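Next comes run_32.csv, a file with CSV, C-alpha atoms.
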```csv
chain,number,residue,atom,x,y,z
M,1,MET,CA,4.1,23.1,-39.2
M,2,LYS,CA,6.9,20.5,-39.3
M,3,ALA,CA,8.5,22.1,-36.3
M,4,ILE,CA,5.2,21.9,-34.3
M,5,ARG,CA,4.8,18.2,-35.3
M,6,HIS,CA,8.4,17.5,-34.3
M,7,LEU,CA,7.8,19.1,-30.9
M,8,LEU,CA,4.6,17.2,-30.4
M,9,ILE,CA,6.4,13.9,-31.1
M,10,ILE,CA,9.1,14.8,-28.6
M,11,LEU,CA,6.5,15.7,-26.0
M,12,LEU,CA,4.6,12.4,-26.6
M,13,LEU,CA,7.8,10.4,-26.3
M,14,GLU,CA,8.7,12.2,-23.0
M,15,ILE,CA,5.2,11.5,-21.6
M,16,PHE,CA,5.5,7.8,-22.7
M,17,HIS,CA,8.9,7.6,-21.0
M,18,LEU,CA,7.6,9.1,-17.8
M,19,SER,CA,4.6,6.8,-17.7
M,20,MET,CA,6.8,3.7,-18.3
M,21,SER,CA,9.2,4.9,-15.6
M,22,SER,CA,6.5,5.5,-13.0
M,23,SER,CA,4.8,2.2,-13.8
M,24,SER,CA,8.0,0.2,-13.2
M,25,SER,CA,9.1,2.3,-10.2
M,26,LEU,CA,9.2,0.6,-6.8
M,27,SER,CA,9.5,1.8,-3.2
M,28,GLY,CA,12.8,0.7,-1.7
M,29,THR,CA,11.6,0.1,1.8
M,30,VAL,CA,9.7,-2.9,3.2
M,31,ALA,CA,9.2,-4.4,6.6
M,32,LEU,CA,9.4,-8.2,7.0
M,33,GLY,CA,8.0,-10.2,9.9
M,34,ALA,CA,9.3,-13.7,10.1
M,35,GLY,CA,9.4,-14.5,13.8
M,36,CYS,CA,12.2,-13.4,16.1
M,37,TYR,CA,13.8,-10.4,14.4
M,38,TRP,CA,17.4,-11.4,15.2
M,39,GLY,CA,17.3,-14.3,12.7
M,40,THR,CA,15.4,-12.3,10.2
M,41,GLU,CA,18.1,-9.6,10.3
M,42,LYS,CA,20.9,-12.1,10.0
M,43,TYR,CA,19.4,-14.0,7.1
M,44,VAL,CA,18.6,-10.8,5.1
M,45,LYS,CA,21.7,-8.8,5.8
M,46,VAL,CA,24.2,-11.7,5.6
M,47,ASN,CA,22.8,-14.7,3.7
M,48,PHE,CA,20.7,-12.8,1.1
M,49,GLN,CA,23.7,-10.6,0.3
M,50,LYS,CA,25.9,-13.6,-0.3
M,51,VAL,CA,23.7,-14.2,-3.4
M,52,PHE,CA,22.9,-10.5,-4.1
M,53,PRO,CA,25.9,-8.5,-2.9
M,54,ASN,CA,25.3,-4.9,-1.9
M,55,SER,CA,21.5,-5.3,-2.4
M,56,ILE,CA,20.7,-4.0,1.1
M,57,LYS,CA,21.2,-0.3,1.9
M,58,SER,CA,20.1,-0.5,5.5
M,59,ALA,CA,18.2,-2.8,7.8
M,60,LYS,CA,17.0,-2.3,11.3
M,61,VAL,CA,15.1,-4.5,13.7
M,62,GLY,CA,12.0,-3.1,15.4
M,63,PHE,CA,8.2,-3.2,15.6
M,64,MET,CA,5.3,-2.5,13.3
M,65,SER,CA,1.6,-3.0,13.6
M,66,PRO,CA,-1.0,-3.5,10.8
M,67,ASP,CA,-3.2,-1.2,12.8
M,68,PRO,CA,-2.3,2.5,12.3
M,69,ASN,CA,-4.0,3.3,15.6
M,70,ALA,CA,-2.0,0.8,17.6
M,71,MET,CA,0.0,1.9,20.7
M,72,LYS,CA,2.7,4.4,19.9
M,73,ASP,CA,6.4,3.6,20.6
M,74,PRO,CA,5.9,0.3,22.4
M,75,SER,CA,8.7,-1.2,24.5
M,76,TYR,CA,10.2,-4.6,23.7
M,77,ARG,CA,8.4,-6.1,26.8
M,78,GLN,CA,5.1,-4.6,25.8
M,79,VAL,CA,5.4,-6.1,22.3
M,80,CYS,CA,6.4,-9.5,23.7
M,81,SER,CA,3.3,-9.5,25.9
M,82,GLY,CA,1.2,-9.6,22.8
M,83,ILE,CA,-1.1,-6.8,23.9
M,84,THR,CA,0.1,-4.1,21.6
M,85,GLY,CA,-0.6,-5.8,18.2
M,86,HIS,CA,2.9,-5.1,17.0
M,87,VAL,CA,5.0,-7.6,15.0
M,88,GLU,CA,8.8,-8.0,15.3
M,89,VAL,CA,10.1,-6.9,11.9
M,90,LEU,CA,13.2,-6.1,10.0
M,91,ASN,CA,12.8,-2.7,8.2
M,92,VAL,CA,14.7,-3.1,5.0
M,93,GLU,CA,15.9,-0.4,2.5
M,94,LEU,CA,17.1,-1.7,-0.8
M,95,ASN,CA,20.0,-0.2,-2.7
M,96,ASP,CA,18.5,-0.6,-6.1
M,97,PRO,CA,14.8,-1.3,-5.6
M,98,THR,CA,13.8,-3.1,-8.8
M,99,PRO,CA,10.8,-5.4,-9.1
M,100,GLU,CA,13.2,-8.3,-9.8
M,101,ILE,CA,15.4,-7.8,-6.6
M,102,PHE,CA,12.3,-7.2,-4.5
M,103,GLU,CA,10.7,-10.5,-5.7
M,104,GLU,CA,14.0,-12.3,-5.0
M,105,LEU,CA,14.0,-10.9,-1.5
M,106,LEU,CA,10.5,-12.1,-0.8
M,107,LYS,CA,11.3,-15.5,-2.1
M,108,PHE,CA,14.3,-15.8,0.1
M,109,PHE,CA,12.1,-14.5,3.0
M,110,PHE,CA,9.9,-17.6,2.5
M,111,GLN,CA,12.9,-19.9,2.3
M,112,PHE,CA,14.3,-19.1,5.8
M,113,HIS,CA,11.1,-19.2,7.9
M,114,ASP,CA,7.9,-21.2,8.0
M,115,PRO,CA,4.9,-19.1,6.7
M,116,THR,CA,2.4,-21.9,7.5
M,117,THR,CA,2.6,-21.8,11.3
M,118,LEU,CA,0.2,-19.0,12.3
M,119,ASN,CA,1.7,-16.6,14.8
M,120,SER,CA,4.5,-19.0,15.5
M,121,GLN,CA,8.0,-19.8,14.5
M,122,GLY,CA,9.5,-22.8,16.3
M,123,ASN,CA,9.4,-22.2,20.1
M,124,ASP,CA,8.4,-18.6,19.6
M,125,LYS,CA,4.6,-18.2,19.8
M,126,GLY,CA,2.4,-15.1,19.8
M,127,THR,CA,1.1,-12.5,17.4
M,128,GLN,CA,4.4,-10.6,17.6
M,129,TYR,CA,6.0,-13.6,15.7
M,130,ALA,CA,3.5,-13.5,12.8
M,131,SER,CA,4.6,-13.8,9.2
M,132,TYR,CA,4.0,-10.4,7.7
M,133,ILE,CA,5.0,-8.3,4.7
M,134,PHE,CA,4.4,-4.6,5.3
M,135,THR,CA,4.5,-2.9,1.9
M,136,THR,CA,5.0,0.7,1.1
M,137,ASP,CA,3.5,1.0,-2.4
M,138,ASP,CA,1.0,-0.8,-4.7
M,139,LYS,CA,3.8,-2.4,-6.8
M,140,GLN,CA,5.3,-4.0,-3.7
M,141,LYS,CA,1.9,-5.3,-2.7
M,142,GLU,CA,1.3,-6.7,-6.2
M,143,ILE,CA,4.6,-8.6,-6.1
M,144,ALA,CA,4.0,-9.8,-2.5
M,145,GLU,CA,0.6,-11.2,-3.4
M,146,LYS,CA,2.0,-12.9,-6.6
M,147,VAL,CA,4.8,-14.6,-4.6
M,148,ILE,CA,2.4,-15.8,-2.0
M,149,LYS,CA,0.0,-17.2,-4.6
M,150,ASN,CA,3.0,-18.9,-6.3
M,151,LEU,CA,4.2,-20.4,-3.0
M,152,GLN,CA,0.7,-21.7,-2.2
M,153,ALA,CA,0.5,-23.4,-5.6
M,154,LEU,CA,3.8,-25.1,-5.0
M,155,LEU,CA,2.5,-26.3,-1.7
M,156,ASP,CA,-0.7,-27.6,-3.3
M,157,ASN,CA,1.4,-29.4,-5.9
M,158,LYS,CA,3.6,-30.9,-3.1
M,159,GLN,CA,6.6,-29.4,-4.8
M,160,ILE,CA,7.7,-27.9,-1.5
M,161,LYS,CA,7.5,-30.1,1.6
M,162,ALA,CA,9.7,-28.0,3.9
M,163,PHE,CA,7.0,-26.5,6.1
M,164,ALA,CA,4.9,-27.8,9.0
M,165,LYS,CA,1.6,-27.3,7.3
M,166,ASP,CA,0.1,-26.8,3.8
M,167,SER,CA,-1.4,-23.3,3.8
M,168,VAL,CA,0.5,-20.0,3.7
M,169,THR,CA,-0.6,-17.7,6.6
M,170,THR,CA,1.6,-14.7,5.7
M,171,LYS,CA,-0.3,-11.4,5.6
M,172,VAL,CA,0.3,-8.4,3.5
M,173,ALA,CA,-0.5,-5.0,5.0
M,174,ASP,CA,0.3,-1.4,4.4
M,175,ALA,CA,3.3,-0.3,6.3
M,176,THR,CA,2.6,1.9,9.4
M,177,GLU,CA,5.0,3.6,11.7
M,178,PHE,CA,8.2,1.7,12.3
M,179,TYR,CA,9.6,1.7,15.9
M,180,VAL,CA,13.3,0.8,15.9
M,181,ALA,CA,14.3,-1.6,18.7
M,182,HIS,CA,17.0,-0.6,21.2
M,183,ALA,CA,20.7,-0.7,20.2
M,184,GLU,CA,21.6,-4.0,21.8
M,185,HIS,CA,19.1,-5.8,19.6
M,186,GLN,CA,20.6,-4.4,16.4
M,187,GLU,CA,22.9,-6.9,14.7
M,188,TYR,CA,22.4,-9.2,17.7
M,189,LEU,CA,23.6,-12.4,16.1
M,190,ALA,CA,26.7,-10.6,14.6
M,191,LYS,CA,27.6,-9.6,18.1
M,192,ASN,CA,26.5,-12.9,19.6
M,193,PRO,CA,27.2,-15.6,17.0
M,194,ASN,CA,25.9,-18.3,19.3
M,195,GLY,CA,22.8,-16.4,20.2
M,196,TYR,CA,19.3,-17.7,19.9
M,197,CYS,CA,18.0,-18.2,16.3
M,198,ASN,CA,15.4,-20.7,15.1
M,199,HIS,CA,15.7,-19.7,11.4
M,200,TYR,CA,17.4,-21.8,8.8
M,201,VAL,CA,17.2,-22.3,5.0
M,202,ARG,CA,14.4,-24.8,4.4
M,203,PHE,CA,14.8,-25.2,0.7
M,204,HIS,CA,17.5,-23.7,-1.6
M,205,ASN,CA,15.9,-23.5,-5.0
M,206,TRP,CA,12.5,-21.9,-5.8
M,207,PRO,CA,10.8,-24.5,-8.1
M,208,GLU,CA,8.9,-23.7,-11.3
M,209,ILE,CA,5.2,-24.7,-10.9
M,210,SER,CA,4.8,-28.1,-12.6
```
Show me, as structure tokens, the structure contained in the file I just sent.
Amino acid sequence: MKAIRHLLIILLLEIFHLSMSSSSSLSGTVALGAGCYWGTEKYVKVNFQKVFPNSIKSAKVGFMSPDPNAMKDPSYRQVCSGITGHVEVLNVELNDPTPEIFEELLKFFFQFHDPTTLNSQGNDKGTQYASYIFTTDDKQKEIAEKVIKNLQALLDNKQIKAFAKDSVTTKVADATEFYVAHAEHQEYLAKNPNGYCNHYVRFHNWPEIS
């Protein structure tokens, strides 16, 4: 009887461990749209990793649409025309996808672009330059929505004044098929340090809501 009770306790502990593990697990891949993908790539691969070294396993620029039935495998010119519904994104894979590092990545995402200018970043205008977070699981979506809510509260409180407007327009959508951009657009600013980029860090520290 004692042996059976002991086995039941072990089994319950294993079930509890598995449930806790699954509840805290997080997909390691997310696609971020923040305007021209050259700058997004540079700020995530270089600047973010200055603060969180080796946090990025891989990152490729390309295109993603919130519509799963959008045009398949669009060209760069087709996306730039605005007719395909695709967004320029950086498809990011994290080395150690914890909720904490994912939240830090999203906060940094909002620090280097303006999420209040709908379908626009500086001189770049069009739906392909929309601010987007394409999530790959429910936990990612939950964190993304939490960070957006937090950012909007900071704007409402006038604790952040770095953006053109006062309302966050960033959309959260389920990730669809990612189409990688051609090779010359990968690591463009690493190969062309004086190349076009309208991204910059707008504020350095994420405030606590007062």
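Residue nearest Asn119 of chain M, chosen from M:Thr135, M:Gln78, M:Thr169, M:Thr84 and counting only C-alpha atoms: M:Thr169.
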Non-local contacts of Pro68 of chain M (9 Å; only C-alpha atoms; under 5 positions in same chain excluded) as an mmCIF file with C-alpha atoms, keeping the file's coordinate frame:
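Output file part_8.cif follows:
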```cif
data_model
loop_
_atom_site.group_PDB
_atom_site.id
_atom_site.type_symbol
_atom_site.label_atom_id
_atom_site.label_comp_id
_atom_site.auth_asym_id
_atom_site.auth_seq_id
_atom_site.Cartn_x
_atom_site.Cartn_y
_atom_site.Cartn_z
ATOM 1 C CA ALA M 175 3.300 -0.300 6.300
ATOM 2 C CA THR M 176 2.600 1.900 9.400
ATOM 3 C CA GLU M 177 5.000 3.600 11.700
#
```
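With all atoms listed in the file as the atoms that count, the minimum distance from Ser120 of chain M to the choices M:Ala34, M:Ala183, M:Met71, M:Val172 is reached by M:Ala34.
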Selection: 12 Å around segment 143-151 of chain M, only C-alpha atoms, excl. self and same-chain fewer than 2 positions, as an NGL selection string: :M and (24 or 26-27 or 30-32 or 98-111 or 114-116 or 131-141 or 153-163 or 166-174 or 206-210)
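Counting from atom CA of Asp96 of chain M, the distance to atom CA of Tyr179 of chain M is 23.8 Å.
The space between atom CA of Glu88 of chain M and atom CA of Pro193 of chain M spans 20.0 Å.
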Need to verify the contact set: His199 of chain M, 9 Å, only C-alpha atoms, exclusion of same-chain residues closer than 5 positions in sequence. Can you return it as an mmCIF file with C-alpha atoms, in the coordinates of the input?
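The resulting file, out06.cif, is reproduced below:
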```
data_model
loop_
_atom_site.group_PDB
_atom_site.id
_atom_site.type_symbol
_atom_site.label_atom_id
_atom_site.label_comp_id
_atom_site.auth_asym_id
_atom_site.auth_seq_id
_atom_site.Cartn_x
_atom_site.Cartn_y
_atom_site.Cartn_z
ATOM 1 C CA ALA M 34 9.300 -13.700 10.100
ATOM 2 C CA GLY M 35 9.400 -14.500 13.800
ATOM 3 C CA CYS M 36 12.200 -13.400 16.100
ATOM 4 C CA GLY M 39 17.300 -14.300 12.700
ATOM 5 C CA THR M 40 15.400 -12.300 10.200
ATOM 6 C CA TYR M 43 19.400 -14.000 7.100
ATOM 7 C CA PHE M 112 14.300 -19.100 5.800
ATOM 8 C CA HIS M 113 11.100 -19.200 7.900
ATOM 9 C CA ASP M 114 7.900 -21.200 8.000
ATOM 10 C CA GLN M 121 8.000 -19.800 14.500
ATOM 11 C CA GLY M 122 9.500 -22.800 16.300
#
```
Start from the incomplete input, build N, CA and C atoms for segment 80-92 of chain M, and deliver everything as a short mmCIF file (atom, residue, chain, number, x, y, z; two decimals), keeping the file's coordinate frame.
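Printed below is result.cif as written:
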```
data_model
loop_
_atom_site.label_atom_id
_atom_site.label_comp_id
_atom_site.auth_asym_id
_atom_site.auth_seq_id
_atom_site.Cartn_x
_atom_site.Cartn_y
_atom_site.Cartn_z
N CYS M 80 6.34 -8.06 23.41
CA CYS M 80 6.40 -9.50 23.70
C CYS M 80 5.22 -9.98 24.53
N SER M 81 4.52 -9.08 25.19
CA SER M 81 3.30 -9.50 25.90
C SER M 81 2.18 -9.84 25.00
N GLY M 82 2.25 -9.35 23.75
CA GLY M 82 1.20 -9.60 22.80
C GLY M 82 0.02 -8.68 22.84
N ILE M 83 0.06 -7.70 23.74
CA ILE M 83 -1.10 -6.80 23.90
C ILE M 83 -1.13 -5.63 22.99
N THR M 84 0.00 -5.32 22.36
CA THR M 84 0.10 -4.10 21.60
C THR M 84 -0.34 -4.31 20.10
N GLY M 85 -0.30 -5.55 19.63
CA GLY M 85 -0.60 -5.80 18.20
C GLY M 85 0.53 -5.61 17.28
N HIS M 86 1.72 -5.34 17.82
CA HIS M 86 2.90 -5.10 17.00
C HIS M 86 3.56 -6.45 16.63
N VAL M 87 4.26 -6.43 15.50
CA VAL M 87 5.00 -7.60 15.00
C VAL M 87 6.49 -7.25 15.03
N GLU M 88 7.32 -8.22 15.40
CA GLU M 88 8.80 -8.00 15.30
C GLU M 88 9.12 -8.06 13.81
N VAL M 89 9.76 -7.00 13.34
CA VAL M 89 10.10 -6.90 11.90
C VAL M 89 11.51 -6.45 11.68
N LEU M 90 11.94 -6.68 10.47
CA LEU M 90 13.20 -6.10 10.00
C LEU M 90 12.75 -5.05 8.92
N ASN M 91 13.10 -3.80 9.16
CA ASN M 91 12.80 -2.70 8.20
C ASN M 91 13.93 -2.60 7.24
N VAL M 92 13.67 -2.96 5.99
CA VAL M 92 14.70 -3.10 5.00
C VAL M 92 14.63 -1.96 3.96
#
```
